[in-house]
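Dumped upload-v1.cif below, it's mmCIF, C-alpha atoms; chains and numbers go by the auth columns:
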```cif
data_input
#
loop_
_atom_site.group_PDB
_atom_site.id
_atom_site.type_symbol
_atom_site.label_atom_id
_atom_site.label_comp_id
_atom_site.label_asym_id
_atom_site.label_seq_id
_atom_site.Cartn_x
_atom_site.Cartn_y
_atom_site.Cartn_z
_atom_site.B_iso_or_equiv
_atom_site.auth_seq_id
_atom_site.auth_asym_id
ATOM 1 C CA GLU A 1 105.526 88.677 102.859 0.00 1465 W
ATOM 2 C CA THR A 2 106.963 89.104 99.423 0.00 1466 W
ATOM 3 C CA GLY A 3 105.176 91.271 96.850 0.00 1467 W
ATOM 4 C CA VAL A 4 106.662 89.112 94.094 0.00 1468 W
ATOM 5 C CA THR A 5 105.581 85.476 94.007 0.00 1469 W
ATOM 6 C CA GLN A 6 107.289 82.787 91.979 0.00 1470 W
ATOM 7 C CA THR A 7 106.087 79.259 91.293 0.00 1471 W
ATOM 8 C CA PRO A 8 107.185 76.570 91.491 0.00 1472 W
ATOM 9 C CA ARG A 9 109.891 76.871 94.144 0.00 1473 W
ATOM 10 C CA HIS A 10 111.702 73.837 92.803 0.00 1474 W
ATOM 11 C CA LEU A 11 111.594 72.188 89.386 0.00 1475 W
ATOM 12 C CA VAL A 12 113.377 69.116 88.116 0.00 1476 W
ATOM 13 C CA MET A 13 113.044 68.362 84.439 0.00 1477 W
ATOM 14 C CA GLY A 14 114.613 66.355 81.676 0.00 1478 W
ATOM 15 C CA MET A 15 116.248 67.961 78.705 0.00 1479 W
ATOM 16 C CA THR A 16 113.329 67.125 76.423 0.00 1480 W
ATOM 17 C CA ASN A 17 110.591 68.411 78.729 0.00 1481 W
ATOM 18 C CA LYS A 18 108.607 71.615 78.359 0.00 1482 W
ATOM 19 C CA LYS A 19 107.802 73.561 81.490 0.00 1483 W
ATOM 20 C CA SER A 20 107.020 77.113 82.518 0.00 1484 W
ATOM 21 C CA LEU A 21 108.063 79.315 85.406 0.00 1485 W
ATOM 22 C CA LYS A 22 105.527 81.810 86.699 0.00 1486 W
ATOM 23 C CA CYS A 23 105.997 85.155 88.381 0.00 1487 W
ATOM 24 C CA GLU A 24 103.310 87.432 89.777 0.00 1488 W
ATOM 25 C CA GLN A 25 103.791 90.813 91.368 0.00 1489 W
ATOM 26 C CA HIS A 26 101.288 92.469 93.669 0.00 1490 W
ATOM 27 C CA LEU A 27 103.021 95.832 93.894 0.00 1491 W
ATOM 28 C CA GLY A 28 101.456 97.682 90.983 0.00 1492 W
ATOM 29 C CA HIS A 29 104.785 97.858 89.181 0.00 1493 W
ATOM 30 C CA ASN A 30 105.084 98.251 85.433 0.00 1494 W
ATOM 31 C CA ALA A 31 108.453 96.596 84.805 0.00 1495 W
ATOM 32 C CA MET A 32 109.363 92.946 85.311 0.00 1496 W
ATOM 33 C CA TYR A 33 112.625 91.064 84.973 0.00 1497 W
ATOM 34 C CA TRP A 34 114.041 87.552 84.743 0.00 1498 W
ATOM 35 C CA TYR A 35 117.494 86.857 86.201 0.00 1499 W
ATOM 36 C CA LYS A 36 119.598 83.710 86.252 0.00 1500 W
ATOM 37 C CA GLN A 37 121.709 83.006 89.334 0.00 1501 W
ATOM 38 C CA SER A 38 124.337 80.307 88.910 0.00 1502 W
ATOM 39 C CA ALA A 39 126.770 79.153 91.557 0.00 1503 W
ATOM 40 C CA LYS A 40 129.810 81.412 91.918 0.00 1504 W
ATOM 41 C CA LYS A 41 128.663 83.769 89.165 0.00 1505 W
ATOM 42 C CA PRO A 42 127.030 87.191 89.338 0.00 1506 W
ATOM 43 C CA LEU A 43 123.330 87.433 88.692 0.00 1507 W
ATOM 44 C CA GLU A 44 122.691 87.628 84.967 0.00 1508 W
ATOM 45 C CA LEU A 45 119.837 89.681 83.591 0.00 1509 W
ATOM 46 C CA MET A 46 117.900 87.685 81.016 0.00 1510 W
ATOM 47 C CA PHE A 47 114.836 89.696 80.006 0.00 1511 W
ATOM 48 C CA VAL A 48 113.180 92.992 80.820 0.00 1512 W
ATOM 49 C CA TYR A 49 109.547 93.879 80.215 0.00 1513 W
ATOM 50 C CA ASN A 50 108.293 97.436 80.561 0.00 1514 W
ATOM 51 C CA PHE A 51 104.576 98.107 80.167 0.00 1515 W
ATOM 52 C CA LYS A 52 104.240 94.518 78.868 0.00 1516 W
ATOM 53 C CA GLU A 53 106.749 95.115 76.080 0.00 1517 W
ATOM 54 C CA GLN A 54 110.076 93.348 75.997 0.00 1518 W
ATOM 55 C CA THR A 55 112.744 96.014 76.180 0.00 1519 W
ATOM 56 C CA GLU A 56 115.773 93.843 76.718 0.00 1520 W
ATOM 57 C CA ASN A 57 116.908 90.381 75.723 0.00 1521 W
ATOM 58 C CA ASN A 58 120.378 89.820 77.045 0.00 1522 W
ATOM 59 C CA SER A 59 121.445 87.346 74.333 0.00 1523 W
ATOM 60 C CA VAL A 60 119.427 84.560 75.911 0.00 1524 W
ATOM 61 C CA PRO A 61 119.170 81.266 73.967 0.00 1525 W
ATOM 62 C CA SER A 62 115.853 80.638 72.267 0.00 1526 W
ATOM 63 C CA ARG A 63 115.165 77.629 74.483 0.00 1527 W
ATOM 64 C CA PHE A 64 114.082 80.277 77.013 0.00 1528 W
ATOM 65 C CA SER A 65 110.925 82.064 75.893 0.00 1529 W
ATOM 66 C CA PRO A 66 109.434 84.831 78.046 0.00 1530 W
ATOM 67 C CA GLU A 67 105.824 85.918 78.038 0.00 1531 W
ATOM 68 C CA CYS A 68 104.269 88.933 79.711 0.00 1532 W
ATOM 69 C CA PRO A 69 100.472 88.909 79.256 0.00 1533 W
ATOM 70 C CA ASN A 70 99.982 91.874 81.593 0.00 1534 W
ATOM 71 C CA SER A 71 102.047 94.034 83.886 0.00 1535 W
ATOM 72 C CA SER A 72 101.411 91.741 86.863 0.00 1536 W
ATOM 73 C CA HIS A 73 102.405 88.408 85.350 0.00 1537 W
ATOM 74 C CA LEU A 74 105.570 87.136 83.770 0.00 1538 W
ATOM 75 C CA PHE A 75 106.314 83.648 82.494 0.00 1539 W
ATOM 76 C CA LEU A 76 109.454 81.898 81.377 0.00 1540 W
ATOM 77 C CA HIS A 77 108.740 78.986 79.055 0.00 1541 W
ATOM 78 C CA LEU A 78 111.434 76.334 79.007 0.00 1542 W
ATOM 79 C CA HIS A 79 112.080 73.860 76.202 0.00 1543 W
ATOM 80 C CA THR A 80 114.958 71.500 75.442 0.00 1544 W
ATOM 81 C CA LEU A 81 117.155 72.841 78.197 0.00 1545 W
ATOM 82 C CA GLN A 82 120.769 71.875 78.794 0.00 1546 W
ATOM 83 C CA PRO A 83 122.453 70.801 82.055 0.00 1547 W
ATOM 84 C CA GLU A 84 124.208 74.180 82.261 0.00 1548 W
ATOM 85 C CA ASP A 85 120.796 75.810 82.539 0.00 1549 W
ATOM 86 C CA SER A 86 120.453 74.437 86.071 0.00 1550 W
ATOM 87 C CA ALA A 87 120.316 77.510 88.293 0.00 1551 W
ATOM 88 C CA LEU A 88 118.132 79.697 90.465 0.00 1552 W
ATOM 89 C CA TYR A 89 115.828 81.824 88.337 0.00 1553 W
ATOM 90 C CA LEU A 90 114.779 85.056 89.973 0.00 1554 W
ATOM 91 C CA CYS A 91 111.946 87.317 88.965 0.00 1555 W
ATOM 92 C CA ALA A 92 111.892 90.983 89.918 0.00 1556 W
ATOM 93 C CA SER A 93 109.647 93.979 89.406 0.00 1557 W
ATOM 94 C CA SER A 94 109.994 97.724 89.715 0.00 1558 W
ATOM 95 C CA GLN A 95 108.095 100.927 89.164 0.00 1559 W
ATOM 96 C CA ASP A 96 109.633 102.828 86.331 0.00 1560 W
ATOM 97 C CA ARG A 97 108.089 106.219 85.754 0.00 1561 W
ATOM 98 C CA HIS A 98 108.531 106.221 82.017 0.00 1562 W
ATOM 99 C CA ARG A 99 108.400 103.648 79.250 0.00 1563 W
ATOM 100 C CA THR A 100 112.064 104.127 78.495 0.00 1564 W
ATOM 101 C CA GLY A 101 113.128 103.688 82.100 0.00 1565 W
ATOM 102 C CA LEU A 102 113.781 107.338 82.879 0.00 1566 W
ATOM 103 C CA TYR A 103 113.902 108.025 86.607 0.00 1567 W
ATOM 104 C CA SER A 104 114.961 104.441 87.120 0.00 1568 W
ATOM 105 C CA ASN A 105 116.183 104.971 90.650 0.00 1569 W
ATOM 106 C CA GLN A 106 113.379 102.831 91.972 0.00 1570 W
ATOM 107 C CA PRO A 107 114.715 99.573 93.417 0.00 1571 W
ATOM 108 C CA GLN A 108 113.751 96.214 92.060 0.00 1572 W
ATOM 109 C CA HIS A 109 111.794 93.858 94.273 0.00 1573 W
ATOM 110 C CA PHE A 110 112.682 90.194 93.949 0.00 1574 W
ATOM 111 C CA GLY A 111 110.772 86.951 94.333 0.00 1575 W
ATOM 112 C CA ASP A 112 112.057 83.873 96.148 0.00 1576 W
ATOM 113 C CA GLY A 113 113.193 82.248 92.934 0.00 1577 W
ATOM 114 C CA THR A 114 112.693 78.884 91.266 0.00 1578 W
ATOM 115 C CA ARG A 115 115.485 76.356 91.733 0.00 1579 W
ATOM 116 C CA LEU A 116 115.728 74.572 88.379 0.00 1580 W
ATOM 117 C CA SER A 117 117.601 71.293 87.953 0.00 1581 W
ATOM 118 C CA ILE A 118 118.085 69.757 84.518 0.00 1582 W
ATOM 119 C CA LEU A 119 118.698 66.018 84.459 0.00 1583 W
ATOM 120 C CA ALA B 1 130.016 97.919 79.638 0.00 1097 H
ATOM 121 C CA GLN B 2 129.788 98.402 83.344 0.00 1098 H
ATOM 122 C CA THR B 3 131.267 95.897 85.749 0.00 1099 H
ATOM 123 C CA VAL B 4 130.945 95.427 89.491 0.00 1100 H
ATOM 124 C CA THR B 5 133.581 93.675 91.578 0.00 1101 H
ATOM 125 C CA GLN B 6 133.274 92.334 95.082 0.00 1102 H
ATOM 126 C CA SER B 7 136.718 91.120 96.063 0.00 1103 H
ATOM 127 C CA GLN B 8 135.692 89.363 99.273 0.00 1104 H
ATOM 128 C CA PRO B 9 133.920 86.057 98.564 0.00 1105 H
ATOM 129 C CA GLU B 10 133.439 85.477 102.298 0.00 1106 H
ATOM 130 C CA MET B 11 133.540 87.573 105.437 0.00 1107 H
ATOM 131 C CA SER B 12 132.823 86.822 109.065 0.00 1108 H
ATOM 132 C CA VAL B 13 132.261 89.025 112.069 0.00 1109 H
ATOM 133 C CA GLN B 14 131.474 88.610 115.732 0.00 1110 H
ATOM 134 C CA GLU B 15 127.965 89.467 116.785 0.00 1111 H
ATOM 135 C CA ALA B 16 127.666 93.130 117.818 0.00 1112 H
ATOM 136 C CA GLU B 17 130.853 94.061 115.959 0.00 1113 H
ATOM 137 C CA THR B 18 131.166 96.160 112.803 0.00 1114 H
ATOM 138 C CA VAL B 19 132.012 94.782 109.366 0.00 1115 H
ATOM 139 C CA THR B 20 132.685 96.460 106.038 0.00 1116 H
ATOM 140 C CA LEU B 21 132.005 94.821 102.687 0.00 1117 H
ATOM 141 C CA SER B 22 133.893 96.123 99.672 0.00 1118 H
ATOM 142 C CA CYS B 23 132.581 96.918 96.219 0.00 1119 H
ATOM 143 C CA THR B 24 134.217 98.611 93.266 0.00 1120 H
ATOM 144 C CA TYR B 25 132.738 99.310 89.881 0.00 1121 H
ATOM 145 C CA ASP B 26 133.808 100.444 86.482 0.00 1122 H
ATOM 146 C CA THR B 27 131.803 102.877 84.382 0.00 1123 H
ATOM 147 C CA SER B 28 132.277 105.804 82.065 0.00 1124 H
ATOM 148 C CA GLU B 29 128.943 107.301 83.065 0.00 1125 H
ATOM 149 C CA SER B 30 128.540 110.153 85.514 0.00 1126 H
ATOM 150 C CA ASP B 31 124.960 109.541 86.574 0.00 1127 H
ATOM 151 C CA TYR B 32 123.986 106.196 88.009 0.00 1128 H
ATOM 152 C CA TYR B 33 122.631 104.399 91.057 0.00 1129 H
ATOM 153 C CA LEU B 34 124.282 101.926 93.364 0.00 1130 H
ATOM 154 C CA PHE B 35 122.566 99.339 95.513 0.00 1131 H
ATOM 155 C CA TRP B 36 123.360 96.771 98.139 0.00 1132 H
ATOM 156 C CA TYR B 37 121.073 93.759 98.177 0.00 1133 H
ATOM 157 C CA LYS B 38 120.942 91.012 100.796 0.00 1134 H
ATOM 158 C CA GLN B 39 120.026 87.419 99.963 0.00 1135 H
ATOM 159 C CA PRO B 40 119.408 85.238 103.044 0.00 1136 H
ATOM 160 C CA PRO B 41 119.250 81.445 102.766 0.00 1137 H
ATOM 161 C CA SER B 42 115.515 81.851 102.123 0.00 1138 H
ATOM 162 C CA ARG B 43 116.668 83.205 98.725 0.00 1139 H
ATOM 163 C CA GLN B 44 114.605 86.372 98.479 0.00 1140 H
ATOM 164 C CA MET B 45 116.792 89.280 97.415 0.00 1141 H
ATOM 165 C CA ILE B 46 116.073 92.258 99.658 0.00 1142 H
ATOM 166 C CA LEU B 47 117.213 95.821 99.103 0.00 1143 H
ATOM 167 C CA VAL B 48 119.431 97.022 101.948 0.00 1144 H
ATOM 168 C CA ILE B 49 120.464 100.496 100.856 0.00 1145 H
ATOM 169 C CA ARG B 50 120.861 102.608 97.740 0.00 1146 H
ATOM 170 C CA GLN B 51 122.888 105.616 96.685 0.00 1147 H
ATOM 171 C CA GLU B 52 122.400 108.130 93.892 0.00 1148 H
ATOM 172 C CA ALA B 53 125.724 109.045 92.302 0.00 1149 H
ATOM 173 C CA TYR B 54 124.873 112.742 92.194 0.00 1150 H
ATOM 174 C CA LYS B 55 124.523 112.847 95.977 0.00 1151 H
ATOM 175 C CA GLN B 56 127.703 113.453 97.901 0.00 1152 H
ATOM 176 C CA GLN B 57 126.208 112.468 101.228 0.00 1153 H
ATOM 177 C CA ASN B 58 126.577 108.798 102.073 0.00 1154 H
ATOM 178 C CA ALA B 59 123.312 106.899 102.440 0.00 1155 H
ATOM 179 C CA THR B 60 122.395 105.379 105.800 0.00 1156 H
ATOM 180 C CA GLU B 61 119.635 103.012 106.857 0.00 1157 H
ATOM 181 C CA ASN B 62 119.683 102.291 110.575 0.00 1158 H
ATOM 182 C CA ARG B 63 122.710 100.018 111.171 0.00 1159 H
ATOM 183 C CA PHE B 64 123.671 100.045 107.494 0.00 1160 H
ATOM 184 C CA SER B 65 125.713 102.795 105.899 0.00 1161 H
ATOM 185 C CA VAL B 66 127.814 103.189 102.799 0.00 1162 H
ATOM 186 C CA ASN B 67 131.099 104.841 101.999 0.00 1163 H
ATOM 187 C CA PHE B 68 130.633 106.147 98.472 0.00 1164 H
ATOM 188 C CA GLN B 69 133.820 107.352 96.839 0.00 1165 H
ATOM 189 C CA LYS B 70 132.833 108.425 93.335 0.00 1166 H
ATOM 190 C CA ALA B 71 136.322 109.285 92.099 0.00 1167 H
ATOM 191 C CA ALA B 72 137.647 105.952 93.281 0.00 1168 H
ATOM 192 C CA LYS B 73 134.504 104.143 92.054 0.00 1169 H
ATOM 193 C CA SER B 74 134.143 102.496 95.401 0.00 1170 H
ATOM 194 C CA PHE B 75 130.916 101.712 97.259 0.00 1171 H
ATOM 195 C CA SER B 76 131.485 99.826 100.508 0.00 1172 H
ATOM 196 C CA LEU B 77 128.795 98.723 102.955 0.00 1173 H
ATOM 197 C CA LYS B 78 129.289 99.062 106.690 0.00 1174 H
ATOM 198 C CA ILE B 79 127.134 97.023 109.046 0.00 1175 H
ATOM 199 C CA SER B 80 127.270 98.196 112.644 0.00 1176 H
ATOM 200 C CA ASP B 81 126.247 96.162 115.687 0.00 1177 H
ATOM 201 C CA SER B 82 126.045 92.976 113.592 0.00 1178 H
ATOM 202 C CA GLN B 83 123.152 90.674 114.354 0.00 1179 H
ATOM 203 C CA LEU B 84 122.656 86.991 113.618 0.00 1180 H
ATOM 204 C CA GLY B 85 119.925 87.912 111.145 0.00 1181 H
ATOM 205 C CA ASP B 86 122.462 89.804 109.053 0.00 1182 H
ATOM 206 C CA ALA B 87 123.986 86.518 107.883 0.00 1183 H
ATOM 207 C CA ALA B 88 123.429 86.326 104.131 0.00 1184 H
ATOM 208 C CA MET B 89 124.934 86.836 100.718 0.00 1185 H
ATOM 209 C CA TYR B 90 125.384 90.519 99.987 0.00 1186 H
ATOM 210 C CA PHE B 91 125.375 91.783 96.422 0.00 1187 H
ATOM 211 C CA CYS B 92 126.514 95.150 95.209 0.00 1188 H
ATOM 212 C CA ALA B 93 124.695 96.363 92.090 0.00 1189 H
ATOM 213 C CA TYR B 94 124.979 99.191 89.591 0.00 1190 H
ATOM 214 C CA ARG B 95 122.256 100.739 87.486 0.00 1191 H
ATOM 215 C CA SER B 96 122.693 103.422 84.860 0.00 1192 H
ATOM 216 C CA ALA B 97 120.533 106.526 85.064 0.00 1193 H
ATOM 217 C CA ASN B 98 120.551 106.888 81.289 0.00 1194 H
ATOM 218 C CA GLN B 99 117.251 106.862 79.512 0.00 1195 H
ATOM 219 C CA GLY B 100 116.251 103.360 78.520 0.00 1196 H
ATOM 220 C CA ALA B 101 118.683 101.660 80.850 0.00 1197 H
ATOM 221 C CA GLN B 102 116.959 99.289 83.239 0.00 1198 H
ATOM 222 C CA LYS B 103 119.497 96.586 83.845 0.00 1199 H
ATOM 223 C CA LEU B 104 121.106 95.964 87.182 0.00 1200 H
ATOM 224 C CA VAL B 105 124.722 94.823 86.997 0.00 1201 H
ATOM 225 C CA PHE B 106 125.616 92.693 89.995 0.00 1202 H
ATOM 226 C CA GLY B 107 128.865 91.797 91.670 0.00 1203 H
ATOM 227 C CA GLN B 108 129.755 88.219 92.525 0.00 1204 H
ATOM 228 C CA GLY B 109 128.537 88.537 96.081 0.00 1205 H
ATOM 229 C CA THR B 110 130.055 88.310 99.551 0.00 1206 H
ATOM 230 C CA ARG B 111 128.884 85.663 101.983 0.00 1207 H
ATOM 231 C CA LEU B 112 128.678 87.163 105.457 0.00 1208 H
ATOM 232 C CA THR B 113 128.765 84.919 108.509 0.00 1209 H
ATOM 233 C CA ILE B 114 127.903 86.227 111.965 0.00 1210 H
ATOM 234 C CA ASN B 115 129.635 84.419 114.822 0.00 1211 H
ATOM 235 C CA PRO B 116 127.668 84.371 118.097 0.00 1212 H
#
```
Represent the structure contained in this file as structure tokens.
Amino acid sequence: ETGVTQTPRHLVMGMTNKKSLKCEQHLGHNAMYWYKQSAKKPLELMFVYNFKEQTENNSVPSRFSPECPNSSHLFLHLHTLQPEDSALYLCASSQDRHRTGLYSNQPQHFGDGTRLSIL
Amino acid sequence: AQTVTQSQPEMSVQEAETVTLSCTYDTSESDYYLFWYKQPPSRQMILVIRQEAYKQQNATENRFSVNFQKAAKSFSLKISDSQLGDAAMYFCAYRSANQGAQKLVFGQGTRLTINP
């Protein structure tokens, strides 16, 4: 059983649609992450939230909008996506001992991902 | 910026044999963490093993062990007594120990096939 749950598992949308990906962690962690996994490319970190505050935006286009209402939930709002945005989107969480990430040797726990296809 | 390279896109091994997956990384930092993650077809990324750079002793977890060569910036994963359930994509990852650094840098992955 995974401690990080992502919904939906699969999503097909048109370029003009608006949809949201949801991630929930049941591990009591205080940091959450969005990654993009494209075919034949390394996982790309998109966003990091620590104690509900965004601490990293890895030059992600504005058509991706994250939201972290509390330390257990993370959303990725999608709007006017492009075909190259089709990928597996993975959510992860970890327990960081300090707001700035000090003692960050704790591993990240991943969800099953949402397979996103843009028509 | 740190980079992680896995030079073997695919590997295969006979069941019960031993296989070693390669990983090299580039960094100017002296304190960091290294991880091996496994991603089965079910897609969930699962931590296999981790190594703190300040530790000289190689990490081991049951059938999984690493060969950490800090000077060479090499971090290979050895799987002993391979089992069918070991078939997956394996990702090597780097994480800085610097304050404020939370990002994992991943390699491209190695697809491991176990032949019965």
Where's the centre, and what are the edge lengths in Å to one decimal, of a box along x, y and z enclosing all listed atoms of region 1480-1495 of chain W padded 8 Å per side, as AutoDock Vina command-line options?
```
--center_x 107.3 --center_y 82.7 --center_z 85.2 --size_x 28.0 --size_y 47.1 --size_z 33.5
```
Expected selection from the PyMOL selection byres ((chain W) within 12 of (chain H)), given as a PyMOL selection string: chain W and resi 1465-1470+1473+1495-1514+1518-1522+1552-1579
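CA of Thr1116 (chain H) is found 5.5 Å from CA of Leu1173 (chain H).
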Answer key for the PyMOL selection byres ((chain W and resi 1483) around 12), residues as a PyMOL selection string: chain W and resi 1471-1472+1474-1482+1484-1486+1527-1530+1539-1545+1580-1582
Test item: the PyMOL selection byres ((chain H and resi 1212) around 12) resolved as a list in words: Ser1108, Val1109, Gln1110, Glu1111, Ala1112, Glu1113, Ser1178, Gln1179, Leu1180, Gly1181, Asp1182, Ala1183, Thr1209, Ile1210 and Asn1211 of chain H
Restricting it to C-alpha atoms, dump the selection as an mmCIF file, in the coordinates of the input.
```cif
data_model
loop_
_atom_site.group_PDB
_atom_site.id
_atom_site.type_symbol
_atom_site.label_atom_id
_atom_site.label_comp_id
_atom_site.auth_asym_id
_atom_site.auth_seq_id
_atom_site.Cartn_x
_atom_site.Cartn_y
_atom_site.Cartn_z
ATOM 1 C CA SER H 1108 132.823 86.822 109.065
ATOM 2 C CA VAL H 1109 132.261 89.025 112.069
ATOM 3 C CA GLN H 1110 131.474 88.610 115.732
ATOM 4 C CA GLU H 1111 127.965 89.467 116.785
ATOM 5 C CA ALA H 1112 127.666 93.130 117.818
ATOM 6 C CA GLU H 1113 130.853 94.061 115.959
ATOM 7 C CA SER H 1178 126.045 92.976 113.592
ATOM 8 C CA GLN H 1179 123.152 90.674 114.354
ATOM 9 C CA LEU H 1180 122.656 86.991 113.618
ATOM 10 C CA GLY H 1181 119.925 87.912 111.145
ATOM 11 C CA ASP H 1182 122.462 89.804 109.053
ATOM 12 C CA ALA H 1183 123.986 86.518 107.883
ATOM 13 C CA THR H 1209 128.765 84.919 108.509
ATOM 14 C CA ILE H 1210 127.903 86.227 111.965
ATOM 15 C CA ASN H 1211 129.635 84.419 114.822
#
```
Contact residues around Lys1169 (chain H) with only C-alpha atoms at 7 Å, ignoring same-chain residues under 2 positions, as a PyMOL selection string: chain H and resi 1120-1122+1165-1167+1171
Straight-line distance linking CA of Leu1583 (chain W) with CA of Gln1546 (chain W), stated in Å to one decimal: 8.4 Å
Can you give me all heavy atoms for region 1115-1122 of chain H, written as a PDB file, keeping the file's coordinate frame?
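Result file out-v2.pdb:
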```
ATOM      1  N   VAL H1115     131.349  95.399 110.522  1.00  0.00           N
ATOM      2  CA  VAL H1115     132.012  94.782 109.366  1.00  0.00           C
ATOM      3  C   VAL H1115     131.788  95.660 108.137  1.00  0.00           C
ATOM      4  O   VAL H1115     130.738  96.315 108.024  1.00  0.00           O
ATOM      5  CB  VAL H1115     131.469  93.360 109.129  1.00  0.00           C
ATOM      6  CG1 VAL H1115     130.000  93.374 108.765  1.00  0.00           C
ATOM      7  CG2 VAL H1115     132.285  92.636 108.067  1.00  0.00           C
ATOM      8  N   THR H1116     132.780  95.682 107.271  1.00  0.00           N
ATOM      9  CA  THR H1116     132.685  96.460 106.038  1.00  0.00           C
ATOM     10  C   THR H1116     132.885  95.552 104.840  1.00  0.00           C
ATOM     11  O   THR H1116     133.872  94.819 104.766  1.00  0.00           O
ATOM     12  CB  THR H1116     133.726  97.589 106.022  1.00  0.00           C
ATOM     13  OG1 THR H1116     133.482  98.470 107.123  1.00  0.00           O
ATOM     14  CG2 THR H1116     133.646  98.377 104.720  1.00  0.00           C
ATOM     15  N   LEU H1117     131.936  95.607 103.918  1.00  0.00           N
ATOM     16  CA  LEU H1117     132.005  94.821 102.687  1.00  0.00           C
ATOM     17  C   LEU H1117     132.410  95.746 101.546  1.00  0.00           C
ATOM     18  O   LEU H1117     131.857  96.837 101.397  1.00  0.00           O
ATOM     19  CB  LEU H1117     130.650  94.175 102.388  1.00  0.00           C
ATOM     20  CG  LEU H1117     130.014  93.361 103.513  1.00  0.00           C
ATOM     21  CD1 LEU H1117     128.720  92.720 103.026  1.00  0.00           C
ATOM     22  CD2 LEU H1117     130.968  92.332 104.058  1.00  0.00           C
ATOM     23  N   SER H1118     133.336  95.287 100.735  1.00  0.00           N
ATOM     24  CA  SER H1118     133.893  96.123  99.672  1.00  0.00           C
ATOM     25  C   SER H1118     133.176  95.920  98.343  1.00  0.00           C
ATOM     26  O   SER H1118     132.702  94.819  98.039  1.00  0.00           O
ATOM     27  CB  SER H1118     135.374  95.817  99.493  1.00  0.00           C
ATOM     28  OG  SER H1118     136.087  96.027 100.685  1.00  0.00           O
ATOM     29  N   CYS H1119     133.140  96.983  97.565  1.00  0.00           N
ATOM     30  CA  CYS H1119     132.581  96.918  96.219  1.00  0.00           C
ATOM     31  C   CYS H1119     133.246  98.006  95.376  1.00  0.00           C
ATOM     32  O   CYS H1119     133.340  99.155  95.811  1.00  0.00           O
ATOM     33  CB  CYS H1119     131.071  97.135  96.246  1.00  0.00           C
ATOM     34  SG  CYS H1119     130.308  97.267  94.600  1.00  0.00           S
ATOM     35  N   THR H1120     133.720  97.634  94.233  1.00  0.00           N
ATOM     36  CA  THR H1120     134.217  98.611  93.266  1.00  0.00           C
ATOM     37  C   THR H1120     133.507  98.382  91.950  1.00  0.00           C
ATOM     38  O   THR H1120     133.001  97.295  91.674  1.00  0.00           O
ATOM     39  CB  THR H1120     135.738  98.498  93.060  1.00  0.00           C
ATOM     40  OG1 THR H1120     136.050  97.172  92.613  1.00  0.00           O
ATOM     41  CG2 THR H1120     136.489  98.791  94.343  1.00  0.00           C
ATOM     42  N   TYR H1121     133.450  99.413  91.141  1.00  0.00           N
ATOM     43  CA  TYR H1121     132.738  99.310  89.881  1.00  0.00           C
ATOM     44  C   TYR H1121     133.487 100.096  88.814  1.00  0.00           C
ATOM     45  O   TYR H1121     134.335 100.938  89.125  1.00  0.00           O
ATOM     46  CB  TYR H1121     131.289  99.810  90.026  1.00  0.00           C
ATOM     47  CG  TYR H1121     131.197 101.223  90.534  1.00  0.00           C
ATOM     48  CD1 TYR H1121     131.095 102.301  89.658  1.00  0.00           C
ATOM     49  CD2 TYR H1121     131.224 101.492  91.902  1.00  0.00           C
ATOM     50  CE1 TYR H1121     131.032 103.597  90.130  1.00  0.00           C
ATOM     51  CE2 TYR H1121     131.159 102.784  92.380  1.00  0.00           C
ATOM     52  CZ  TYR H1121     131.060 103.829  91.491  1.00  0.00           C
ATOM     53  OH  TYR H1121     131.003 105.123  91.958  1.00  0.00           O
ATOM     54  N   ASP H1122     133.168  99.776  87.604  1.00  0.00           N
ATOM     55  CA  ASP H1122     133.808 100.444  86.482  1.00  0.00           C
ATOM     56  C   ASP H1122     132.730 100.983  85.557  1.00  0.00           C
ATOM     57  O   ASP H1122     131.865 100.223  85.106  1.00  0.00           O
ATOM     58  CB  ASP H1122     134.724  99.487  85.718  1.00  0.00           C
ATOM     59  CG  ASP H1122     135.551 100.200  84.673  1.00  0.00           C
ATOM     60  OD1 ASP H1122     135.798 101.407  84.844  1.00  0.00           O
ATOM     61  OD2 ASP H1122     135.950  99.562  83.685  1.00  0.00           O
TER      62      ASP H1122
END
```
